Amino acid sequence: MRAAAGEAGAPAGAVGVIEVGGLNALIAALAAARLDLPLVDGDLMGRAFPRLDQNVAALHGLPPHPLVLAGPCGDTVVVRDCSPRLAEPLLRANVLALGGAAALATHPVTAGRLAGIGVPGSVSACLGLGERFLAAVDGPGSSPERLAAALGGELLATGRAEEIIPRHGRSPGCVTLTDRRTGAVVRVDLLDEYLAVTVDGVTLAAVPQIIVAVDPNGRRSLRSDQLKAGLHLTLLRLPALYHWPDEAAPLVGPAAYGLDLDLGTAATAEGRQP
């Protein structure tokens with residue numbers, strides 16, 4: 001953060017969140033605490049995406065530079081000029097050189113500009129989501145249907161993982177299960193995030209919609225790399241924190257992951273097409 005502020009030529013007034021899903025949300029909060037700066041109640045994705053250029057700043061043409069990486073031993077890499085297309089390759093190459101782990105600062109932006117393009121209130125929304133989740137799974141009579149209702153989401157399927165095809169690099173893998181309520185065959189396409197849920201050949205949900213998996217027995221959310229054959233899981237679609245415009249489909253939609261899906265039947269929670 002200090003290196004990024006120095007490159008930007010202005011002191012940092014607050015710490016923003018790149019993505020509100022996953023570890024990056026927590027890292028931003030830790031950075032804000034360490035630097036004694038406010039944490040912006042908002043982010044640049046409204047969920048988690050695997051690539052650095054899949055965010056609203058890139059969608060609006062804001063450059064990612066200065067992009068700063070700091071390794072565990074304090075080694076620092078500064079990229080002064082960088083196109084959105086090259087941000088991810090440069091990030092991965094330098095993280096590898098730094099030993100496989102690094103802290104990242106990118107997309108320096110003014111408060112006024114962020115307010116116009118960002119995802120407002122996403123941090124507080126996720127805190128509220130966590131509170132409702134804990135109350136639902138700890139309450140009496142917990143069920144997949146009640147959990148979906150408590151989170152304001154939609155129950156897509158629940159059953160046991162029967163077959164897992166691992167991802168290959170950036171090519172998605174998938175898991176297949178049988179919905180124990182209906183007997184339908186369910187396929188879940190995935191990378192680091194869940195990309196699509198297709199039931200008996202009909203795609204019910206797909207990125208950029210928010211798809212989550214929950215262990216109905218352990219009552220915990222499941223990352224895609226935690227899925228194993230024989231594991232019971234419940235699939236939910238949660239309300240969107242940000243509605244990506246149609247022109248963002250090549251950036252964040254199924255085609256961005258090489259998935260060819262018929263989305264005509266995949267309605268959003270608001271009744272619109274994704």
# chains A, B, ... in the order shown; residues from 1 in each chain; ligands from 1

$ select_by_dssp --residues "segment 73-189 of chain A" --states "alpha helix (DSSP H)" --output "PDB file with N, CA, C and O atoms, in the first residue's frame"
ATOM      1  N   PRO A  84      -5.025  -3.936 -18.751  1.00  0.00           N
ATOM      2  CA  PRO A  84      -5.817  -4.933 -18.024  1.00  0.00           C
ATOM      3  C   PRO A  84      -5.557  -6.353 -18.513  1.00  0.00           C
ATOM      4  O   PRO A  84      -5.550  -7.300 -17.722  1.00  0.00           O
ATOM      5  N   ARG A  85      -5.307  -6.517 -19.808  1.00  0.00           N
ATOM      6  CA  ARG A  85      -5.095  -7.850 -20.369  1.00  0.00           C
ATOM      7  C   ARG A  85      -3.835  -8.504 -19.828  1.00  0.00           C
ATOM      8  O   ARG A  85      -3.771  -9.725 -19.662  1.00  0.00           O
ATOM      9  N   LEU A  86      -2.808  -7.694 -19.530  1.00  0.00           N
ATOM     10  CA  LEU A  86      -1.534  -8.244 -19.071  1.00  0.00           C
ATOM     11  C   LEU A  86      -1.411  -8.296 -17.554  1.00  0.00           C
ATOM     12  O   LEU A  86      -0.438  -8.827 -17.036  1.00  0.00           O
ATOM     13  N   ALA A  87      -2.382  -7.753 -16.840  1.00  0.00           N
ATOM     14  CA  ALA A  87      -2.276  -7.709 -15.379  1.00  0.00           C
ATOM     15  C   ALA A  87      -2.161  -9.105 -14.782  1.00  0.00           C
ATOM     16  O   ALA A  87      -1.306  -9.359 -13.932  1.00  0.00           O
ATOM     17  N   GLU A  88      -3.010 -10.024 -15.232  1.00  0.00           N
ATOM     18  CA  GLU A  88      -2.996 -11.374 -14.668  1.00  0.00           C
ATOM     19  C   GLU A  88      -1.709 -12.127 -14.994  1.00  0.00           C
ATOM     20  O   GLU A  88      -1.090 -12.710 -14.093  1.00  0.00           O
ATOM     21  N   PRO A  89      -1.236 -12.147 -16.264  1.00  0.00           N
ATOM     22  CA  PRO A  89       0.036 -12.834 -16.537  1.00  0.00           C
ATOM     23  C   PRO A  89       1.213 -12.251 -15.764  1.00  0.00           C
ATOM     24  O   PRO A  89       2.068 -12.991 -15.264  1.00  0.00           O
ATOM     25  N   LEU A  90       1.257 -10.925 -15.650  1.00  0.00           N
ATOM     26  CA  LEU A  90       2.338 -10.308 -14.886  1.00  0.00           C
ATOM     27  C   LEU A  90       2.248 -10.658 -13.412  1.00  0.00           C
ATOM     28  O   LEU A  90       3.261 -10.907 -12.749  1.00  0.00           O
ATOM     29  N   LEU A  91       1.026 -10.677 -12.897  1.00  0.00           N
ATOM     30  CA  LEU A  91       0.826 -11.036 -11.494  1.00  0.00           C
ATOM     31  C   LEU A  91       1.325 -12.449 -11.220  1.00  0.00           C
ATOM     32  O   LEU A  91       2.101 -12.678 -10.288  1.00  0.00           O
ATOM     33  N   ARG A  92       0.901 -13.405 -12.040  1.00  0.00           N
ATOM     34  CA  ARG A  92       1.264 -14.798 -11.806  1.00  0.00           C
ATOM     35  C   ARG A  92       2.763 -15.032 -11.950  1.00  0.00           C
ATOM     36  O   ARG A  92       3.370 -15.774 -11.165  1.00  0.00           O
ATOM     37  N   ALA A  93       3.374 -14.410 -12.944  1.00  0.00           N
ATOM     38  CA  ALA A  93       4.811 -14.595 -13.153  1.00  0.00           C
ATOM     39  C   ALA A  93       5.618 -14.059 -11.976  1.00  0.00           C
ATOM     40  O   ALA A  93       6.582 -14.688 -11.510  1.00  0.00           O
ATOM     41  N   ASN A  94       5.234 -12.906 -11.455  1.00  0.00           N
ATOM     42  CA  ASN A  94       5.991 -12.312 -10.364  1.00  0.00           C
ATOM     43  C   ASN A  94       5.706 -12.979  -9.026  1.00  0.00           C
ATOM     44  O   ASN A  94       6.594 -13.060  -8.178  1.00  0.00           O
ATOM     45  N   VAL A  95       4.470 -13.453  -8.819  1.00  0.00           N
ATOM     46  CA  VAL A  95       4.179 -14.197  -7.596  1.00  0.00           C
ATOM     47  C   VAL A  95       5.025 -15.466  -7.552  1.00  0.00           C
ATOM     48  O   VAL A  95       5.560 -15.845  -6.502  1.00  0.00           O
ATOM     49  N   LEU A  96       5.173 -16.116  -8.696  1.00  0.00           N
ATOM     50  CA  LEU A  96       6.019 -17.311  -8.761  1.00  0.00           C
ATOM     51  C   LEU A  96       7.456 -16.965  -8.403  1.00  0.00           C
ATOM     52  O   LEU A  96       8.111 -17.685  -7.644  1.00  0.00           O
ATOM     53  N   ALA A  97       7.954 -15.842  -8.926  1.00  0.00           N
ATOM     54  CA  ALA A  97       9.322 -15.429  -8.635  1.00  0.00           C
ATOM     55  C   ALA A  97       9.505 -15.077  -7.162  1.00  0.00           C
ATOM     56  O   ALA A  97      10.594 -15.234  -6.606  1.00  0.00           O
ATOM     57  N   ALA A 111     -11.931   8.458  -4.257  1.00  0.00           N
ATOM     58  CA  ALA A 111     -13.178   8.066  -3.609  1.00  0.00           C
ATOM     59  C   ALA A 111     -14.379   8.370  -4.500  1.00  0.00           C
ATOM     60  O   ALA A 111     -15.318   7.565  -4.591  1.00  0.00           O
ATOM     61  N   GLY A 112     -14.358   9.515  -5.157  1.00  0.00           N
ATOM     62  CA  GLY A 112     -15.476   9.889  -6.016  1.00  0.00           C
ATOM     63  C   GLY A 112     -15.643   8.944  -7.187  1.00  0.00           C
ATOM     64  O   GLY A 112     -16.770   8.555  -7.533  1.00  0.00           O
ATOM     65  N   ARG A 113     -14.541   8.548  -7.798  1.00  0.00           N
ATOM     66  CA  ARG A 113     -14.612   7.624  -8.927  1.00  0.00           C
ATOM     67  C   ARG A 113     -15.073   6.248  -8.462  1.00  0.00           C
ATOM     68  O   ARG A 113     -15.882   5.595  -9.114  1.00  0.00           O
ATOM     69  N   LEU A 114     -14.572   5.795  -7.312  1.00  0.00           N
ATOM     70  CA  LEU A 114     -14.964   4.495  -6.791  1.00  0.00           C
ATOM     71  C   LEU A 114     -16.454   4.462  -6.467  1.00  0.00           C
ATOM     72  O   LEU A 114     -17.135   3.461  -6.713  1.00  0.00           O
ATOM     73  N   ALA A 115     -16.961   5.559  -5.926  1.00  0.00           N
ATOM     74  CA  ALA A 115     -18.382   5.618  -5.592  1.00  0.00           C
ATOM     75  C   ALA A 115     -19.253   5.480  -6.831  1.00  0.00           C
ATOM     76  O   ALA A 115     -20.375   4.968  -6.760  1.00  0.00           O
ATOM     77  N   GLY A 116     -18.719   5.911  -7.982  1.00  0.00           N
ATOM     78  CA  GLY A 116     -19.500   5.848  -9.207  1.00  0.00           C
ATOM     79  C   GLY A 116     -19.468   4.511  -9.911  1.00  0.00           C
ATOM     80  O   GLY A 116     -20.384   4.182 -10.664  1.00  0.00           O
ATOM     81  N   ILE A 117     -18.425   3.697  -9.680  1.00  0.00           N
ATOM     82  CA  ILE A 117     -18.290   2.448 -10.427  1.00  0.00           C
ATOM     83  C   ILE A 117     -18.247   1.210  -9.549  1.00  0.00           C
ATOM     84  O   ILE A 117     -18.416   0.097 -10.049  1.00  0.00           O
ATOM     85  N   SER A 122     -20.936  -3.870  -0.150  1.00  0.00           N
ATOM     86  CA  SER A 122     -20.762  -5.317  -0.266  1.00  0.00           C
ATOM     87  C   SER A 122     -20.119  -5.931   0.972  1.00  0.00           C
ATOM     88  O   SER A 122     -20.386  -7.093   1.296  1.00  0.00           O
ATOM     89  N   VAL A 123     -19.278  -5.190   1.671  1.00  0.00           N
ATOM     90  CA  VAL A 123     -18.655  -5.730   2.893  1.00  0.00           C
ATOM     91  C   VAL A 123     -19.715  -5.920   3.981  1.00  0.00           C
ATOM     92  O   VAL A 123     -19.815  -6.996   4.587  1.00  0.00           O
ATOM     93  N   SER A 124     -20.517  -4.894   4.224  1.00  0.00           N
ATOM     94  CA  SER A 124     -21.566  -5.025   5.242  1.00  0.00           C
ATOM     95  C   SER A 124     -22.613  -6.049   4.822  1.00  0.00           C
ATOM     96  O   SER A 124     -23.166  -6.764   5.667  1.00  0.00           O
ATOM     97  N   ALA A 125     -22.869  -6.170   3.515  1.00  0.00           N
ATOM     98  CA  ALA A 125     -23.821  -7.175   3.032  1.00  0.00           C
ATOM     99  C   ALA A 125     -23.324  -8.574   3.342  1.00  0.00           C
ATOM    100  O   ALA A 125     -24.107  -9.454   3.736  1.00  0.00           O
ATOM    101  N   CYS A 126     -22.019  -8.810   3.173  1.00  0.00           N
ATOM    102  CA  CYS A 126     -21.471 -10.136   3.447  1.00  0.00           C
ATOM    103  C   CYS A 126     -21.417 -10.428   4.947  1.00  0.00           C
ATOM    104  O   CYS A 126     -21.601 -11.573   5.364  1.00  0.00           O
ATOM    105  N   LEU A 127     -21.170  -9.412   5.756  1.00  0.00           N
ATOM    106  CA  LEU A 127     -21.237  -9.614   7.205  1.00  0.00           C
ATOM    107  C   LEU A 127     -22.647 -10.013   7.623  1.00  0.00           C
ATOM    108  O   LEU A 127     -22.839 -10.916   8.452  1.00  0.00           O
ATOM    109  N   GLY A 128     -23.647  -9.341   7.052  1.00  0.00           N
ATOM    110  CA  GLY A 128     -25.028  -9.701   7.344  1.00  0.00           C
ATOM    111  C   GLY A 128     -25.369 -11.095   6.853  1.00  0.00           C
ATOM    112  O   GLY A 128     -26.089 -11.847   7.523  1.00  0.00           O
ATOM    113  N   LEU A 129     -24.829 -11.463   5.689  1.00  0.00           N
ATOM    114  CA  LEU A 129     -25.047 -12.808   5.154  1.00  0.00           C
ATOM    115  C   LEU A 129     -24.472 -13.859   6.095  1.00  0.00           C
ATOM    116  O   LEU A 129     -25.102 -14.889   6.356  1.00  0.00           O
ATOM    117  N   GLY A 130     -23.276 -13.596   6.632  1.00  0.00           N
ATOM    118  CA  GLY A 130     -22.659 -14.532   7.566  1.00  0.00           C
ATOM    119  C   GLY A 130     -23.469 -14.688   8.843  1.00  0.00           C
ATOM    120  O   GLY A 130     -23.621 -15.800   9.365  1.00  0.00           O
ATOM    121  N   GLU A 131     -24.013 -13.591   9.326  1.00  0.00           N
ATOM    122  CA  GLU A 131     -24.828 -13.656  10.540  1.00  0.00           C
ATOM    123  C   GLU A 131     -26.083 -14.490  10.307  1.00  0.00           C
ATOM    124  O   GLU A 131     -26.476 -15.306  11.156  1.00  0.00           O
ATOM    125  N   ARG A 132     -26.722 -14.296   9.153  1.00  0.00           N
ATOM    126  CA  ARG A 132     -27.933 -15.064   8.852  1.00  0.00           C
ATOM    127  C   ARG A 132     -27.608 -16.543   8.635  1.00  0.00           C
ATOM    128  O   ARG A 132     -28.377 -17.421   9.026  1.00  0.00           O
ATOM    129  N   PHE A 133     -26.450 -16.806   8.032  1.00  0.00           N
ATOM    130  CA  PHE A 133     -26.037 -18.197   7.820  1.00  0.00           C
ATOM    131  C   PHE A 133     -25.824 -18.904   9.157  1.00  0.00           C
ATOM    132  O   PHE A 133     -26.315 -20.018   9.368  1.00  0.00           O
ATOM    133  N   LEU A 134     -25.096 -18.268  10.062  1.00  0.00           N
ATOM    134  CA  LEU A 134     -24.830 -18.888  11.357  1.00  0.00           C
ATOM    135  C   LEU A 134     -26.117 -19.103  12.144  1.00  0.00           C
ATOM    136  O   LEU A 134     -26.300 -20.130  12.793  1.00  0.00           O
ATOM    137  N   ALA A 135     -27.025 -18.138  12.080  1.00  0.00           N
ATOM    138  CA  ALA A 135     -28.290 -18.282  12.785  1.00  0.00           C
ATOM    139  C   ALA A 135     -29.117 -19.423  12.198  1.00  0.00           C
ATOM    140  O   ALA A 135     -29.774 -20.176  12.923  1.00  0.00           O
ATOM    141  N   ALA A 136     -29.049 -19.580  10.872  1.00  0.00           N
ATOM    142  CA  ALA A 136     -29.852 -20.616  10.218  1.00  0.00           C
ATOM    143  C   ALA A 136     -29.330 -22.015  10.517  1.00  0.00           C
ATOM    144  O   ALA A 136     -30.108 -22.931  10.808  1.00  0.00           O
ATOM    145  N   VAL A 137     -28.016 -22.198  10.439  1.00  0.00           N
ATOM    146  CA  VAL A 137     -27.470 -23.551  10.639  1.00  0.00           C
ATOM    147  C   VAL A 137     -27.440 -23.940  12.108  1.00  0.00           C
ATOM    148  O   VAL A 137     -27.405 -25.136  12.433  1.00  0.00           O
ATOM    149  N   ASP A 138     -27.449 -22.958  13.002  1.00  0.00           N
ATOM    150  CA  ASP A 138     -27.451 -23.272  14.430  1.00  0.00           C
ATOM    151  C   ASP A 138     -28.857 -23.380  15.005  1.00  0.00           C
ATOM    152  O   ASP A 138     -29.040 -23.837  16.133  1.00  0.00           O
ATOM    153  N   PRO A 144     -32.108 -27.659   3.902  1.00  0.00           N
ATOM    154  CA  PRO A 144     -31.680 -26.883   2.743  1.00  0.00           C
ATOM    155  C   PRO A 144     -32.686 -25.804   2.355  1.00  0.00           C
ATOM    156  O   PRO A 144     -32.307 -24.684   1.988  1.00  0.00           O
ATOM    157  N   GLU A 145     -33.966 -26.126   2.422  1.00  0.00           N
ATOM    158  CA  GLU A 145     -34.993 -25.160   2.051  1.00  0.00           C
ATOM    159  C   GLU A 145     -35.001 -23.966   3.008  1.00  0.00           C
ATOM    160  O   GLU A 145     -35.119 -22.811   2.567  1.00  0.00           O
ATOM    161  N   ARG A 146     -34.873 -24.240   4.286  1.00  0.00           N
ATOM    162  CA  ARG A 146     -34.880 -23.148   5.268  1.00  0.00           C
ATOM    163  C   ARG A 146     -33.611 -22.308   5.162  1.00  0.00           C
ATOM    164  O   ARG A 146     -33.646 -21.090   5.345  1.00  0.00           O
ATOM    165  N   LEU A 147     -32.499 -22.968   4.865  1.00  0.00           N
ATOM    166  CA  LEU A 147     -31.252 -22.214   4.692  1.00  0.00           C
ATOM    167  C   LEU A 147     -31.358 -21.273   3.504  1.00  0.00           C
ATOM    168  O   LEU A 147     -30.977 -20.100   3.594  1.00  0.00           O
ATOM    169  N   ALA A 148     -31.875 -21.754   2.385  1.00  0.00           N
ATOM    170  CA  ALA A 148     -32.036 -20.903   1.206  1.00  0.00           C
ATOM    171  C   ALA A 148     -32.936 -19.719   1.522  1.00  0.00           C
ATOM    172  O   ALA A 148     -32.649 -18.583   1.136  1.00  0.00           O
ATOM    173  N   ALA A 149     -34.033 -19.969   2.233  1.00  0.00           N
ATOM    174  CA  ALA A 149     -34.953 -18.891   2.582  1.00  0.00           C
ATOM    175  C   ALA A 149     -34.298 -17.880   3.505  1.00  0.00           C
ATOM    176  O   ALA A 149     -34.479 -16.660   3.350  1.00  0.00           O
ATOM    177  N   ALA A 150     -33.512 -18.347   4.474  1.00  0.00           N
ATOM    178  CA  ALA A 150     -32.854 -17.446   5.421  1.00  0.00           C
ATOM    179  C   ALA A 150     -31.850 -16.543   4.727  1.00  0.00           C
ATOM    180  O   ALA A 150     -31.642 -15.386   5.135  1.00  0.00           O
TER     181      ALA A 150
END

$ residues_around --residues "Ala102 of chain A" --least-positions-apart "5" --cutoff "8 Å" --atoms "only C-alpha atoms" --output "list in words"
Leu69, Ala70, Gly71, Pro72 and Val95 of chain A

$ write_last_selection --atoms "C-alpha atoms" --output "CSV table (one decimal), in the first residue's frame"
chain,number,residue,atom,x,y,z
A,69,LEU,CA,3.5,-6.9,-5.3
A,70,ALA,CA,5.3,-7.5,-2.0
A,71,GLY,CA,6.7,-10.9,-1.2
A,72,PRO,CA,7.0,-12.5,2.2
A,95,VAL,CA,4.2,-14.2,-7.6

$ residues_around --residues "Pro66 of chain A" --least-positions-apart "2" --cutoff "9 Å" --atoms "only C-alpha atoms" --output "mmCIF file with C-alpha atoms, in the first residue's frame"
data_model
loop_
_atom_site.group_PDB
_atom_site.id
_atom_site.type_symbol
_atom_site.label_atom_id
_atom_site.label_comp_id
_atom_site.auth_asym_id
_atom_site.auth_seq_id
_atom_site.Cartn_x
_atom_site.Cartn_y
_atom_site.Cartn_z
ATOM 1 C CA ALA A 4 1.398 2.032 -4.396
ATOM 2 C CA ALA A 5 0.640 5.375 -2.753
ATOM 3 C CA GLU A 7 3.815 5.599 -7.144
ATOM 4 C CA ALA A 8 0.402 7.252 -7.363
ATOM 5 C CA PRO A 63 -5.903 0.893 -15.613
ATOM 6 C CA PRO A 64 -4.629 -1.493 -12.936
ATOM 7 C CA VAL A 68 2.512 -3.465 -6.619
ATOM 8 C CA VAL A 78 6.231 -2.251 -9.040
ATOM 9 C CA VAL A 79 4.570 -2.280 -12.465
ATOM 10 C CA ARG A 80 4.175 1.364 -13.473
ATOM 11 C CA ASP A 81 2.269 0.779 -16.710
ATOM 12 C CA CYS A 82 0.086 -2.233 -17.423
ATOM 13 C CA ALA A 105 -2.171 -3.493 -4.361
ATOM 14 C CA THR A 106 -3.791 -2.400 -7.614
ATOM 15 C CA HIS A 107 -6.344 -0.030 -9.178
ATOM 16 C CA PRO A 108 -5.614 3.153 -7.193
#

$ atom_distance --atom1 "atom CA of Gly22 of chain A" --atom2 "atom CA of Ser221 of chain A"
11.4 Å

$ residues_around --residues "Ala229 of chain A" --least-positions-apart "3" --cutoff "6 Å" --atoms "only C-alpha atoms" --output "PyMOL selection string"
chain A and resi 161-163

$ write_last_selection --atoms "N, CA and C atoms" --output "PDB file, in the first residue's frame"
ATOM      1  N   ALA A 161     -22.077 -35.999  -4.137  1.00  0.00           N
ATOM      2  CA  ALA A 161     -21.174 -35.943  -5.283  1.00  0.00           C
ATOM      3  C   ALA A 161     -20.806 -37.348  -5.720  1.00  0.00           C
ATOM      4  N   GLU A 162     -21.073 -37.662  -6.984  1.00  0.00           N
ATOM      5  CA  GLU A 162     -20.848 -39.017  -7.478  1.00  0.00           C
ATOM      6  C   GLU A 162     -19.617 -39.125  -8.370  1.00  0.00           C
ATOM      7  N   GLU A 163     -19.337 -38.104  -9.126  1.00  0.00           N
ATOM      8  CA  GLU A 163     -18.177 -38.122 -10.024  1.00  0.00           C
ATOM      9  C   GLU A 163     -17.561 -36.739 -10.078  1.00  0.00           C
TER      10      GLU A 163
END
